[in-house]
$ cat target05.cif   # mmCIF, C-alpha atoms
data_run
loop_
_atom_site.label_atom_id
_atom_site.label_comp_id
_atom_site.auth_asym_id
_atom_site.auth_seq_id
_atom_site.Cartn_x
_atom_site.Cartn_y
_atom_site.Cartn_z
CA MET Q 30 0.00 0.00 0.00
CA ALA Q 31 1.37 3.43 -0.93
CA VAL Q 32 2.08 6.10 1.64
CA ASN Q 33 -1.00 8.27 2.27
CA ARG Q 34 0.33 11.81 1.99
CA ASN Q 35 -2.94 13.27 3.29
CA LEU Q 36 -2.57 11.46 6.61
CA LEU Q 37 -0.83 12.60 9.78
CA ALA Q 38 -0.47 10.87 13.17
CA VAL Q 39 -0.52 12.53 16.57
CA ILE Q 40 0.89 10.60 19.54
CA LEU Q 41 -0.40 11.88 22.88
CA GLY Q 42 2.31 12.03 25.52
CA GLY Q 43 -0.11 11.98 28.43
CA GLY Q 44 -0.10 14.00 31.64
CA ALA Q 45 2.30 14.04 34.54
CA GLY Q 46 2.28 10.23 34.75
CA SER Q 47 1.90 10.22 38.54
CA ARG Q 48 0.84 6.56 38.57
CA LEU Q 49 4.20 5.66 37.04
CA SER Q 50 6.15 7.72 39.57
CA PRO Q 51 9.07 7.67 40.37
CA LEU Q 52 9.88 6.49 36.82
CA THR Q 53 8.31 9.73 35.55
CA GLU Q 54 9.95 12.14 37.99
CA GLN Q 55 12.66 13.07 35.49
CA ARG Q 56 11.07 12.04 32.19
CA SER Q 57 7.70 12.02 30.46
CA LYS Q 58 5.71 8.79 30.16
CA PRO Q 59 6.62 8.15 26.51
CA ALA Q 60 10.33 8.37 27.45
CA VAL Q 61 10.17 5.62 30.10
CA PRO Q 62 12.58 2.77 29.16
CA LEU Q 63 11.06 -0.50 27.99
CA GLY Q 64 12.45 -3.97 27.35
CA GLY Q 65 16.09 -3.14 28.09
CA LYS Q 66 16.82 -0.86 25.12
CA TYR Q 67 13.61 0.82 23.94
CA ARG Q 68 11.34 3.60 25.19
CA LEU Q 69 7.55 3.50 25.34
CA VAL Q 70 7.22 6.02 22.51
CA ASP Q 71 9.12 3.66 20.18
CA ILE Q 72 6.05 1.39 20.10
CA PRO Q 73 3.51 3.72 18.43
CA ILE Q 74 6.19 5.32 16.25
CA SER Q 75 7.33 1.90 15.03
CA ASN Q 76 3.71 0.90 14.38
CA CYS Q 77 3.37 4.06 12.28
CA ILE Q 78 6.55 3.47 10.26
CA ASN Q 79 5.63 -0.18 9.68
CA SER Q 80 2.20 1.00 8.48
CA ASP Q 81 3.60 3.64 6.08
CA VAL Q 82 2.48 6.50 8.31
CA ILE Q 83 5.49 8.82 8.19
CA LYS Q 84 4.21 12.22 9.34
CA ILE Q 85 4.15 12.05 13.12
CA PHE Q 86 3.76 14.63 15.87
CA VAL Q 87 4.42 13.68 19.51
CA LEU Q 88 2.57 15.93 21.97
CA THR Q 89 4.00 16.46 25.44
CA GLN Q 90 4.22 19.03 28.20
CA TYR Q 91 5.84 17.33 31.21
CA ASN Q 92 9.56 16.55 31.56
CA SER Q 93 10.08 16.48 27.81
CA ALA Q 94 13.87 16.99 27.65
CA SER Q 95 14.87 13.30 27.49
CA LEU Q 96 12.03 12.58 25.05
CA ASN Q 97 13.22 15.42 22.82
CA ARG Q 98 16.74 14.01 22.80
CA HIS Q 99 15.53 10.50 22.02
CA ILE Q 100 13.32 11.63 19.13
CA ALA Q 101 16.02 13.90 17.67
CA ARG Q 102 18.70 11.20 17.80
CA THR Q 103 16.53 8.33 16.58
CA TYR Q 104 14.03 9.28 13.91
CA ARG Q 105 15.66 10.93 10.92
CA PHE Q 106 14.05 10.36 7.55
CA SER Q 107 15.73 10.72 4.18
CA GLN Q 108 16.10 14.24 2.82
CA PHE Q 109 14.12 13.01 -0.20
CA SER Q 110 11.14 12.09 2.01
CA ASP Q 111 8.56 14.35 3.62
CA GLY Q 112 8.41 12.04 6.64
CA PHE Q 113 9.19 13.32 10.14
CA VAL Q 114 8.78 12.62 13.85
CA GLU Q 115 8.57 15.89 15.71
CA ILE Q 116 7.90 16.92 19.30
CA LEU Q 117 5.15 19.48 19.87
CA ALA Q 118 5.48 20.64 23.47
CA ALA Q 119 2.67 22.60 25.09
CA GLU Q 120 3.12 26.30 24.43
CA GLN Q 121 1.34 29.36 25.69
CA THR Q 122 -0.03 31.62 22.97
CA PRO Q 123 -2.43 34.58 22.94
CA GLU Q 124 -5.16 32.20 21.73
CA SER Q 125 -4.27 29.38 24.17
CA PRO Q 126 -2.70 30.68 27.39
CA GLN Q 127 -3.33 27.41 29.29
CA TRP Q 128 -1.45 24.12 29.36
CA PHE Q 129 -3.11 21.09 27.77
CA GLN Q 130 -6.29 20.35 29.72
CA GLY Q 131 -6.86 16.86 28.31
CA THR Q 132 -6.38 14.67 25.24
CA ALA Q 133 -8.76 16.61 22.98
CA ASP Q 134 -7.55 19.96 24.24
CA ALA Q 135 -3.96 18.96 23.44
CA VAL Q 136 -4.96 18.34 19.81
CA ARG Q 137 -7.04 21.52 19.76
CA GLN Q 138 -4.04 23.61 20.83
CA VAL Q 139 -1.75 22.22 18.13
CA LEU Q 140 -4.26 22.50 15.28
CA PRO Q 141 -2.35 25.45 13.73
CA HIS Q 142 0.69 23.19 13.31
CA ILE Q 143 -1.40 20.30 11.90
CA ARG Q 144 -3.37 22.58 9.57
CA ASP Q 145 -0.18 23.58 7.75
CA TRP Q 146 0.10 20.08 6.26
CA GLY Q 147 -3.23 20.17 4.40
CA ILE Q 148 -4.28 16.69 5.54
CA ASP Q 149 -7.71 15.07 5.31
CA THR Q 150 -7.20 12.26 7.87
CA LEU Q 151 -5.81 12.39 11.41
CA LEU Q 152 -4.69 9.30 13.31
CA ILE Q 153 -4.61 9.81 17.09
CA LEU Q 154 -2.52 7.45 19.23
CA SER Q 155 -1.36 7.08 22.81
CA GLY Q 156 2.29 7.15 23.84
CA ASP Q 157 2.09 4.60 26.67
CA HIS Q 158 0.52 1.49 25.13
CA LEU Q 159 2.30 -1.77 24.27
CA TYR Q 160 0.91 -3.47 21.14
CA SER Q 161 1.65 -4.16 17.49
CA MET Q 162 -0.92 -2.96 14.98
CA ASP Q 163 -0.96 -2.48 11.23
CA TYR Q 164 -2.73 0.87 11.03
CA ARG Q 165 -3.36 0.25 7.32
CA LEU Q 166 -6.09 -2.20 8.31
CA PHE Q 167 -7.52 0.38 10.72
CA LEU Q 168 -7.53 3.03 7.99
CA LYS Q 169 -9.02 0.56 5.48
CA ARG Q 170 -11.99 -0.04 7.79
CA HIS Q 171 -12.37 3.74 8.24
CA ASN Q 172 -12.44 4.35 4.49
CA GLU Q 173 -14.62 1.37 3.51
CA THR Q 174 -17.37 2.41 5.93
CA ASN Q 175 -17.00 6.09 4.97
CA ALA Q 176 -16.70 6.78 8.69
CA ASP Q 177 -16.32 10.24 10.15
CA VAL Q 178 -14.59 8.69 13.15
CA THR Q 179 -13.30 5.16 13.74
CA VAL Q 180 -12.43 3.90 17.22
CA SER Q 181 -10.16 0.91 17.75
CA VAL Q 182 -11.73 -1.44 20.31
CA ILE Q 183 -10.70 -4.60 22.11
CA PRO Q 184 -12.78 -7.24 23.93
CA CYS Q 185 -12.37 -6.75 27.66
CA ALA Q 186 -12.84 -8.80 30.83
CA PRO Q 187 -15.22 -7.56 33.58
CA GLU Q 188 -12.46 -7.00 36.16
CA ALA Q 189 -10.70 -4.50 33.87
CA ALA Q 190 -13.71 -2.98 32.11
CA GLU Q 191 -14.44 -0.12 34.48
CA GLU Q 192 -11.02 1.42 33.76
CA PHE Q 193 -11.88 2.03 30.09
CA GLY Q 194 -14.37 3.75 27.88
CA LEU Q 195 -16.93 1.08 26.85
CA LEU Q 196 -19.13 1.03 23.79
CA LYS Q 197 -21.94 -0.75 21.99
CA THR Q 198 -22.37 -1.15 18.23
CA ASP Q 199 -25.17 -2.03 15.82
CA ALA Q 200 -25.03 -5.00 13.43
CA ASP Q 201 -22.91 -3.01 10.95
CA GLY Q 202 -20.27 -2.04 13.52
CA ARG Q 203 -21.48 1.53 13.95
CA ILE Q 204 -21.05 2.76 17.52
CA ILE Q 205 -24.40 3.66 19.05
CA GLU Q 206 -23.45 4.14 22.71
CA PHE Q 207 -20.30 5.11 24.59
CA LYS Q 208 -19.66 5.46 28.33
CA GLU Q 209 -16.39 6.59 29.86
CA LYS Q 210 -15.25 4.35 32.76
CA PRO Q 211 -18.75 3.28 33.93
CA LYS Q 212 -19.23 1.76 37.37
CA GLY Q 213 -21.86 -0.51 38.95
CA GLU Q 214 -25.15 -0.73 37.08
CA ALA Q 215 -23.85 1.55 34.34
CA LEU Q 216 -21.06 -0.95 33.76
CA GLU Q 217 -23.44 -3.93 33.53
CA GLU Q 218 -25.54 -2.06 30.98
CA MET Q 219 -22.54 -2.03 28.61
CA ARG Q 220 -22.28 -5.84 28.33
CA VAL Q 221 -22.45 -7.07 24.73
CA ASP Q 222 -22.33 -10.38 22.89
CA THR Q 223 -18.77 -10.33 21.56
CA THR Q 224 -19.35 -13.53 19.54
CA SER Q 225 -20.59 -11.17 16.83
CA PHE Q 226 -16.99 -9.96 16.57
CA GLY Q 227 -15.64 -13.43 15.93
CA LEU Q 228 -14.94 -14.58 19.50
CA SER Q 229 -15.76 -18.12 20.55
CA ALA Q 230 -18.51 -18.67 23.13
CA ASP Q 231 -15.96 -19.20 25.90
CA GLU Q 232 -13.94 -16.12 24.90
CA ALA Q 233 -17.11 -14.03 24.67
CA GLN Q 234 -18.13 -15.09 28.17
CA ALA Q 235 -14.71 -14.15 29.53
CA ARG Q 236 -14.61 -10.81 27.68
CA PRO Q 237 -18.16 -9.43 27.39
CA PHE Q 238 -17.26 -5.75 27.01
CA LEU Q 239 -15.87 -3.67 24.14
CA ALA Q 240 -13.25 -1.24 25.42
CA SER Q 241 -11.90 1.75 23.56
CA MET Q 242 -8.12 1.58 23.12
CA GLY Q 243 -7.85 5.36 22.97
CA ILE Q 244 -6.86 5.09 19.30
CA TYR Q 245 -8.91 7.06 16.78
CA VAL Q 246 -9.08 8.01 13.10
CA PHE Q 247 -10.89 11.25 12.27
CA LYS Q 248 -11.85 13.01 9.12
CA TYR Q 249 -9.77 16.06 9.81
CA LYS Q 250 -12.32 18.74 8.93
CA LEU Q 251 -14.93 17.09 11.15
CA LEU Q 252 -12.50 16.97 14.06
CA GLU Q 253 -11.81 20.68 13.66
CA GLN Q 254 -15.55 21.35 13.80
CA LEU Q 255 -16.07 19.21 16.91
CA LEU Q 256 -13.17 20.86 18.72
CA GLU Q 257 -14.28 24.37 17.81
CA LYS Q 258 -17.94 23.74 18.59
CA ASP Q 259 -17.30 23.20 22.30
CA PRO Q 260 -14.08 24.77 23.66
CA THR Q 261 -14.73 23.04 27.02
CA ALA Q 262 -14.61 19.56 25.44
CA PHE Q 263 -11.20 18.59 26.83
CA ASP Q 264 -11.17 14.78 26.41
CA PHE Q 265 -11.85 12.46 23.51
CA GLY Q 266 -13.40 9.69 25.60
CA ARG Q 267 -15.46 11.91 27.86
CA ASN Q 268 -16.51 14.59 25.37
CA ILE Q 269 -15.61 14.29 21.70
CA ILE Q 270 -16.53 10.66 20.97
CA PRO Q 271 -20.00 10.88 22.64
CA ALA Q 272 -20.66 14.12 20.75
CA ALA Q 273 -19.59 12.53 17.46
CA ILE Q 274 -21.92 9.54 18.02
CA GLU Q 275 -24.87 11.94 18.20
CA CYS Q 276 -24.23 13.48 14.79
CA CYS Q 277 -21.79 11.39 12.77
CA ASN Q 278 -20.91 7.98 11.43
CA VAL Q 279 -18.67 6.56 14.19
CA GLN Q 280 -17.41 3.05 13.47
CA ALA Q 281 -15.60 0.42 15.54
CA PHE Q 282 -12.47 -1.41 14.43
CA LEU Q 283 -11.91 -4.65 16.34
CA PHE Q 284 -8.35 -5.38 17.46
CA ASP Q 285 -7.95 -8.77 19.09
CA GLY Q 286 -4.18 -8.90 19.54
CA TYR Q 287 -2.11 -8.20 22.63
CA TRP Q 288 -2.58 -4.69 24.00
CA GLU Q 289 -1.50 -3.30 27.35
CA ASP Q 290 -2.11 0.16 28.77
CA ILE Q 291 1.13 0.79 30.68
CA GLY Q 292 -0.25 3.39 33.05
CA THR Q 293 0.72 1.94 36.44
CA ILE Q 294 3.84 0.49 38.05
CA SER Q 295 2.33 -3.01 38.23
CA ALA Q 296 1.26 -2.89 34.55
CA PHE Q 297 4.72 -1.65 33.55
CA TYR Q 298 6.45 -4.35 35.61
CA ASP Q 299 4.23 -7.19 34.37
CA ALA Q 300 4.54 -6.17 30.70
CA ASN Q 301 8.33 -6.02 30.92
CA ILE Q 302 8.78 -9.27 32.82
CA ASP Q 303 6.49 -11.07 30.37
CA LEU Q 304 9.00 -10.23 27.62
CA THR Q 305 11.36 -12.76 29.25
CA SER Q 306 8.86 -15.62 28.79
CA PRO Q 307 9.58 -18.35 26.22
CA MET Q 308 6.52 -17.17 24.26
CA PRO Q 309 5.87 -13.58 25.35
CA LYS Q 310 2.57 -11.87 24.62
CA PHE Q 311 4.41 -9.08 22.80
CA ASN Q 312 6.86 -10.23 20.14
CA LEU Q 313 10.09 -8.23 19.87
CA PHE Q 314 11.37 -10.66 17.23
CA ASN Q 315 8.80 -9.95 14.50
CA ALA Q 316 10.93 -9.20 11.44
CA ASP Q 317 7.88 -7.93 9.54
CA ALA Q 318 7.14 -5.29 12.19
CA PRO Q 319 10.40 -4.35 13.92
CA ILE Q 320 10.56 -1.99 16.88
CA PHE Q 321 12.85 0.91 16.05
CA THR Q 322 14.95 2.79 18.57
CA ARG Q 323 18.17 4.74 18.83
CA SER Q 324 21.31 3.07 17.42
CA ARG Q 325 23.98 3.36 20.12
CA TYR Q 326 26.82 1.30 18.59
CA LEU Q 327 27.62 -0.39 21.88
CA PRO Q 328 29.94 -3.40 22.20
CA PRO Q 329 28.44 -6.88 22.64
CA SER Q 330 27.69 -7.80 26.24
CA LYS Q 331 30.43 -9.63 28.14
CA VAL Q 332 29.11 -12.47 30.31
CA GLN Q 333 31.71 -14.33 32.40
CA ASN Q 334 30.95 -17.48 34.39
CA CYS Q 335 27.27 -16.60 34.88
CA GLU Q 336 24.01 -18.48 35.22
CA ILE Q 337 21.29 -16.81 33.17
CA ARG Q 338 17.74 -18.14 32.78
CA ASN Q 339 14.76 -16.70 30.89
CA SER Q 340 16.24 -13.22 30.71
CA ILE Q 341 16.95 -10.41 28.27
CA ILE Q 342 20.49 -9.02 28.22
CA SER Q 343 20.91 -5.74 26.32
CA GLU Q 344 24.02 -4.44 24.58
CA GLY Q 345 27.12 -3.18 26.31
CA CYS Q 346 26.71 -5.08 29.60
CA ILE Q 347 29.45 -6.57 31.78
CA ILE Q 348 28.22 -9.41 34.01
CA ASN Q 349 30.73 -11.25 36.18
CA SER Q 350 29.92 -14.55 37.96
CA ALA Q 351 26.32 -13.54 38.65
CA THR Q 352 22.94 -15.27 38.52
CA VAL Q 353 20.17 -13.63 36.50
CA THR Q 354 16.70 -15.19 36.45
CA ARG Q 355 13.59 -13.96 34.62
CA SER Q 356 14.92 -10.43 34.43
CA ILE Q 357 15.67 -7.64 31.97
CA VAL Q 358 19.20 -6.23 32.03
CA GLY Q 359 19.37 -2.85 30.31
CA LEU Q 360 22.06 -1.08 28.32
CA ARG Q 361 25.56 -0.76 29.86
CA SER Q 362 24.54 -2.64 33.02
CA ARG Q 363 27.39 -3.81 35.24
CA ILE Q 364 26.71 -6.71 37.63
CA GLU Q 365 29.46 -7.95 39.94
CA MET Q 366 30.49 -11.34 41.31
CA GLY Q 367 27.97 -13.25 43.42
CA ALA Q 368 25.05 -10.93 42.63
CA GLN Q 369 21.60 -12.47 42.16
CA ILE Q 370 18.96 -10.74 40.04
CA GLU Q 371 15.50 -12.32 40.19
CA SER Q 372 12.31 -11.17 38.45
CA SER Q 373 13.66 -7.64 38.15
CA ILE Q 374 14.12 -4.86 35.62
CA LEU Q 375 17.52 -3.17 35.46
CA MET Q 376 17.32 -0.18 33.14
CA GLY Q 377 21.10 0.12 32.86
CA SER Q 378 23.16 3.26 32.46
CA ASP Q 379 23.44 6.25 30.12
CA TYR Q 380 27.25 6.14 30.16
CA TYR Q 381 30.32 4.15 31.18
CA GLN Q 382 32.49 5.19 34.09
CA SER Q 383 36.21 5.40 33.48
CA ILE Q 384 38.64 3.20 35.44
CA GLU Q 385 39.95 6.31 37.19
CA GLU Q 386 36.44 7.34 38.27
CA MET Q 387 35.69 3.89 39.67
CA ARG Q 388 38.99 3.71 41.59
CA SER Q 389 38.44 7.16 43.06
CA GLU Q 390 34.90 6.30 44.20
CA ILE Q 391 36.03 3.02 45.77
CA LYS Q 392 38.52 5.00 47.89
CA GLU Q 393 35.70 7.34 48.95
CA GLY Q 394 33.38 4.44 49.78
CA ILE Q 395 30.92 5.29 47.01
CA PRO Q 396 29.42 2.33 45.07
CA ARG Q 397 30.11 2.53 41.37
CA ILE Q 398 27.27 2.52 38.86
CA GLY Q 399 25.76 -0.95 38.64
CA VAL Q 400 25.15 -3.81 41.07
CA GLY Q 401 27.82 -4.68 43.65
CA GLU Q 402 29.16 -8.04 44.80
CA ASN Q 403 26.90 -10.53 46.60
CA THR Q 404 23.84 -8.33 46.23
CA LEU Q 405 20.36 -9.87 45.96
CA ILE Q 406 17.66 -8.03 43.99
CA ARG Q 407 14.22 -9.59 43.74
CA ARG Q 408 11.02 -8.19 42.18
CA ALA Q 409 12.43 -4.71 41.68
CA ILE Q 410 12.75 -1.95 39.10
CA ILE Q 411 16.19 -0.35 39.12
CA ASP Q 412 16.22 2.89 37.13
CA LYS Q 413 19.16 4.26 35.17
CA ASN Q 414 22.56 5.28 36.55
CA THR Q 415 21.85 3.82 39.98
CA ARG Q 416 24.58 2.66 42.35
CA ILE Q 417 23.71 -0.51 44.24
CA GLY Q 418 26.47 -1.39 46.72
CA ALA Q 419 27.84 -4.76 47.81
CA ASN Q 420 25.95 -7.17 50.10
CA VAL Q 421 22.67 -5.32 49.54
CA ARG Q 422 19.31 -7.11 49.84
CA LEU Q 423 16.41 -5.58 47.91
CA VAL Q 424 13.73 -8.19 48.58
CA ASN Q 425 10.75 -6.64 50.47
CA GLU Q 426 10.53 -9.72 52.69
CA ASN Q 427 7.65 -8.22 54.70
CA GLY Q 428 5.51 -7.83 51.58
CA ILE Q 429 4.92 -4.10 52.09
CA GLU Q 430 2.37 -2.81 49.58
CA ASN Q 431 3.41 0.86 49.33
CA PHE Q 432 6.17 2.79 51.07
CA ASP Q 433 8.37 5.86 50.53
CA GLY Q 434 11.94 5.34 51.73
CA ASP Q 435 13.91 8.02 53.57
CA GLY Q 436 15.94 10.31 51.34
CA GLY Q 437 14.13 9.25 48.18
CA ASN Q 438 16.56 6.42 47.45
CA PHE Q 439 13.77 3.89 47.06
CA VAL Q 440 10.01 3.47 47.09
CA ILE Q 441 7.70 0.45 47.12
CA ARG Q 442 4.66 0.38 44.85
CA ASP Q 443 2.40 -2.66 44.50
CA ARG Q 444 5.02 -4.63 46.50
CA ILE Q 445 7.62 -3.78 43.85
CA ILE Q 446 10.81 -2.07 45.01
CA ILE Q 447 11.76 0.87 42.80
CA VAL Q 448 15.18 2.54 42.96
CA PRO Q 449 14.89 5.91 41.15
CA LYS Q 450 17.29 7.26 38.58
CA ASN Q 451 20.74 8.25 39.94
CA ALA Q 452 19.94 6.91 43.43
CA VAL Q 453 22.63 5.39 45.67
CA ILE Q 454 22.04 2.30 47.82
CA PRO Q 455 25.02 1.92 50.22
CA ASP Q 456 26.80 -1.36 50.97
CA GLY Q 457 24.90 -3.71 53.27
CA THR Q 458 21.49 -2.03 52.86
CA VAL Q 459 18.47 -4.28 53.46
CA ILE Q 460 15.06 -3.29 52.10
#

$ encode --input "target05.cif" --output "structure tokens"
Amino acid sequence: MAVNRNLLAVILGGGAGSRLSPLTEQRSKPAVPLGGKYRLVDIPISNCINSDVIKIFVLTQYNSASLNRHIARTYRFSQFSDGFVEILAAEQTPESPQWFQGTADAVRQVLPHIRDWGIDTLLILSGDHLYSMDYRLFLKRHNETNADVTVSVIPCAPEAAEEFGLLKTDADGRIIEFKEKPKGEALEEMRVDTTSFGLSADEAQARPFLASMGIYVFKYKLLEQLLEKDPTAFDFGRNIIPAAIECCNVQAFLFDGYWEDIGTISAFYDANIDLTSPMPKFNLFNADAPIFTRSRYLPPSKVQNCEIRNSIISEGCIINSATVTRSIVGLRSRIEMGAQIESSILMGSDYYQSIEEMRSEIKEGIPRIGVGENTLIRRAIIDKNTRIGANVRLVNENGIENFDGDGGNFVIRDRIIIVPKNAVIPDGTVI
């Protein structure tokens, strides 16, 4: 399929990402590392490139510096192409003196930049979802039904349904009702027979709701009209989609692959750890739909006398006589003799320390970047550039649900220990 030059994609960077804190204290949600070497934003951008969508704006307003660097260093199209991936940070103008007030308001405020491209179709995506989708099929459904708006939907189980916008369709797939995060009786009213979407009877019983994935295709002129009609319509799910259903042809596109909204620490942890499974739900090894990221030209990882099971080891690591089980070891990680890493995510480091720096810090009693000797780390997320000393135990043996450690060197969320970026855990620490 040829590149649609009248199509542009907008990837929403989200808000402050407080549910992913402390991973979002120094970066925006789309910039959070994923799978050892990627960032969350690489997923929707890669989906776009693999689907021949090459005009892409990424909208953000919180902690955008690292995201800006990543985008600038990674996504450079040929000078003979009109493709681009560009950050649009929230800006105050005489017409829009406020920060983004929601998903729809974010798009409303950047309309002058979108309008310059003379497009007729706008694809709206989220920057913190893990999935692989060929958007060409999504766009095909949109065009074949002559839809004004098309919403990508996924069958959903009852225990997760109330966290999403739910919808009902008629026999032709046109959306006739939409409710944003309904609870109680309102939730039960949104049950549908998902066998009509190709699910088996057992699957339909397990997933009797249709949830919006927060992924939309709009006829651009119609979207402009909807946004201008009600300046207080700040969100797509809460305001724009229900308004469009009242007046327009709003269609559903069924996606029945793996999709995960990585909006919480537990969701982030589970999605990453699942990548270490023999048959993970999300396939990083799909040659037909590769995940693109920054090329760092790092040396191959050096693994000496180690025991490694069901794990992902990224480039540029040095692992000496350690045991790594069901874990992700990120770029430039250094793990010393006798260390044990179990069911954990190590995000690695942004740089290598010189021999002189390491010798100087040893004399001063400062742990070098990485994991020290005889340290045990279990069910933890270790952010970048952290210094974990020798004989440390990060295990949460008491099963504490949530806790903020003194000095900000660690927190516990959903029983998962998190060591923030640049933190120092001294020798012998037990958490």

$ residues_around --input "target05.cif" --residues "Glu371 (chain Q)" --least-positions-apart "2" --cutoff "9 Å" --atoms "all atoms listed in the file" --output "ChimeraX atom specification"
/Q:352-356,369,373-374,405-409

$ write_last_selection --input "target05.cif" --atoms "C-alpha atoms" --output "short mmCIF file (atom, residue, chain, number, x, y, z; two decimals), keeping the file's coordinate frame"
data_model
loop_
_atom_site.label_atom_id
_atom_site.label_comp_id
_atom_site.auth_asym_id
_atom_site.auth_seq_id
_atom_site.Cartn_x
_atom_site.Cartn_y
_atom_site.Cartn_z
CA THR Q 352 22.94 -15.27 38.52
CA VAL Q 353 20.17 -13.63 36.50
CA THR Q 354 16.70 -15.19 36.45
CA ARG Q 355 13.59 -13.96 34.62
CA SER Q 356 14.92 -10.43 34.43
CA GLN Q 369 21.60 -12.47 42.16
CA SER Q 373 13.66 -7.64 38.15
CA ILE Q 374 14.12 -4.86 35.62
CA LEU Q 405 20.36 -9.87 45.96
CA ILE Q 406 17.66 -8.03 43.99
CA ARG Q 407 14.22 -9.59 43.74
CA ARG Q 408 11.02 -8.19 42.18
CA ALA Q 409 12.43 -4.71 41.68
#

$ resolve_selection --input "target05.cif" --expression "the PyMOL selection byres ((chain Q and resi 286) around 9)" --output "ChimeraX atom specification"
/Q:160-162,183,284-285,287-288,310

$ closest_residue --input "target05.cif" --among "Q:Asn334, Q:Arg170, Q:Thr261, Q:Ile398" --to "Arg361 (chain Q)" --atoms "only C-alpha atoms"
Q:Ile398

$ residues_around --input "target05.cif" --residues "region 380-390 of chain Q" --least-positions-apart "5" --cutoff "12 Å" --atoms "only C-alpha atoms" --output "list in words"
Arg325, Leu327, Pro328, Gly345, Cys346, Ile347, Gly359, Leu360, Arg361, Ser362, Arg363, Ile395, Pro396, Arg397, Ile398, Gly399, Lys413, Asn414, Thr415, Arg416, Gly418 and Asn451 of chain Q

$ residues_around --input "target05.cif" --residues "Ala233 (chain Q)" --least-positions-apart "5" --cutoff "9 Å" --atoms "all atoms listed in the file" --output "NGL selection string"
:Q and (184 or 221-224 or 227-228 or 238)

$ closest_residue --input "target05.cif" --among "Q:Gly46, Q:Gly428, Q:Pro211, Q:Pro271" --to "Ile441 (chain Q)" --atoms "all atoms listed in the file"
Q:Gly428

$ residues_around --input "target05.cif" --residues "region 244-256 of chain Q" --least-positions-apart "3" --cutoff "9 Å" --atoms "only C-alpha atoms" --output "short mmCIF file (atom, residue, chain, number, x, y, z; two decimals) with C-alpha atoms, keeping the file's coordinate frame"
data_model
loop_
_atom_site.label_atom_id
_atom_site.label_comp_id
_atom_site.auth_asym_id
_atom_site.auth_seq_id
_atom_site.Cartn_x
_atom_site.Cartn_y
_atom_site.Cartn_z
CA ALA Q 133 -8.76 16.61 22.98
CA ASP Q 134 -7.55 19.96 24.24
CA VAL Q 136 -4.96 18.34 19.81
CA ARG Q 137 -7.04 21.52 19.76
CA LEU Q 140 -4.26 22.50 15.28
CA ILE Q 148 -4.28 16.69 5.54
CA ASP Q 149 -7.71 15.07 5.31
CA THR Q 150 -7.20 12.26 7.87
CA LEU Q 151 -5.81 12.39 11.41
CA LEU Q 152 -4.69 9.30 13.31
CA ILE Q 153 -4.61 9.81 17.09
CA LEU Q 154 -2.52 7.45 19.23
CA SER Q 155 -1.36 7.08 22.81
CA PHE Q 167 -7.52 0.38 10.72
CA LEU Q 168 -7.53 3.03 7.99
CA HIS Q 171 -12.37 3.74 8.24
CA ALA Q 176 -16.70 6.78 8.69
CA ASP Q 177 -16.32 10.24 10.15
CA VAL Q 178 -14.59 8.69 13.15
CA THR Q 179 -13.30 5.16 13.74
CA VAL Q 180 -12.43 3.90 17.22
CA SER Q 181 -10.16 0.91 17.75
CA VAL Q 182 -11.73 -1.44 20.31
CA SER Q 241 -11.90 1.75 23.56
CA ASP Q 259 -17.30 23.20 22.30
CA PRO Q 260 -14.08 24.77 23.66
CA THR Q 261 -14.73 23.04 27.02
CA ALA Q 262 -14.61 19.56 25.44
CA PHE Q 263 -11.20 18.59 26.83
CA ILE Q 269 -15.61 14.29 21.70
CA ALA Q 272 -20.66 14.12 20.75
CA ALA Q 273 -19.59 12.53 17.46
#

$ atom_distance --input "target05.cif" --atom1 "CA of Thr293 (chain Q)" --atom2 "CA of Lys450 (chain Q)"
17.5 Å

$ closest_residue --input "target05.cif" --among "Q:Gly194, Q:Gly156, Q:Pro59, Q:Gly377" --to "Asn268 (chain Q)" --atoms "all atoms listed in the file"
Q:Gly194

$ resolve_selection --input "target05.cif" --expression "the PyMOL selection byres ((chain Q and resi 365) around 7)" --output "number ranges by chain"
Q: 348-351, 363-364, 366-368, 400-402

$ resolve_selection --input "target05.cif" --expression "the PyMOL selection byres ((chain Q and resi 430) around 8)" --output "NGL selection string"
:Q and (428-429 or 431-432 or 441-445)

$ write_last_selection --input "target05.cif" --atoms "C-alpha atoms" --output "PDB file, keeping the file's coordinate frame"
ATOM      1  CA  GLY Q 428       5.510  -7.830  51.580  1.00  0.00           C
ATOM      2  CA  ILE Q 429       4.920  -4.100  52.090  1.00  0.00           C
ATOM      3  CA  ASN Q 431       3.410   0.860  49.330  1.00  0.00           C
ATOM      4  CA  PHE Q 432       6.170   2.790  51.070  1.00  0.00           C
ATOM      5  CA  ILE Q 441       7.700   0.450  47.120  1.00  0.00           C
ATOM      6  CA  ARG Q 442       4.660   0.380  44.850  1.00  0.00           C
ATOM      7  CA  ASP Q 443       2.400  -2.660  44.500  1.00  0.00           C
ATOM      8  CA  ARG Q 444       5.020  -4.630  46.500  1.00  0.00           C
ATOM      9  CA  ILE Q 445       7.620  -3.780  43.850  1.00  0.00           C
TER      10      ILE Q 445
END

$ closest_residue --input "target05.cif" --among "Q:Met308, Q:Met376, Q:Ala419, Q:Val453" --to "Leu52 (chain Q)" --atoms "all atoms listed in the file"
Q:Met376

$ residues_around --input "target05.cif" --residues "Asn420 (chain Q)" --least-positions-apart "5" --cutoff "6 Å" --atoms "all atoms listed in the file" --output "CSV table (one decimal) with C-alpha atoms, in the coordinates of the input"
chain,number,residue,atom,x,y,z
Q,403,ASN,CA,26.9,-10.5,46.6
Q,404,THR,CA,23.8,-8.3,46.2
Q,456,ASP,CA,26.8,-1.4,51.0
Q,457,GLY,CA,24.9,-3.7,53.3
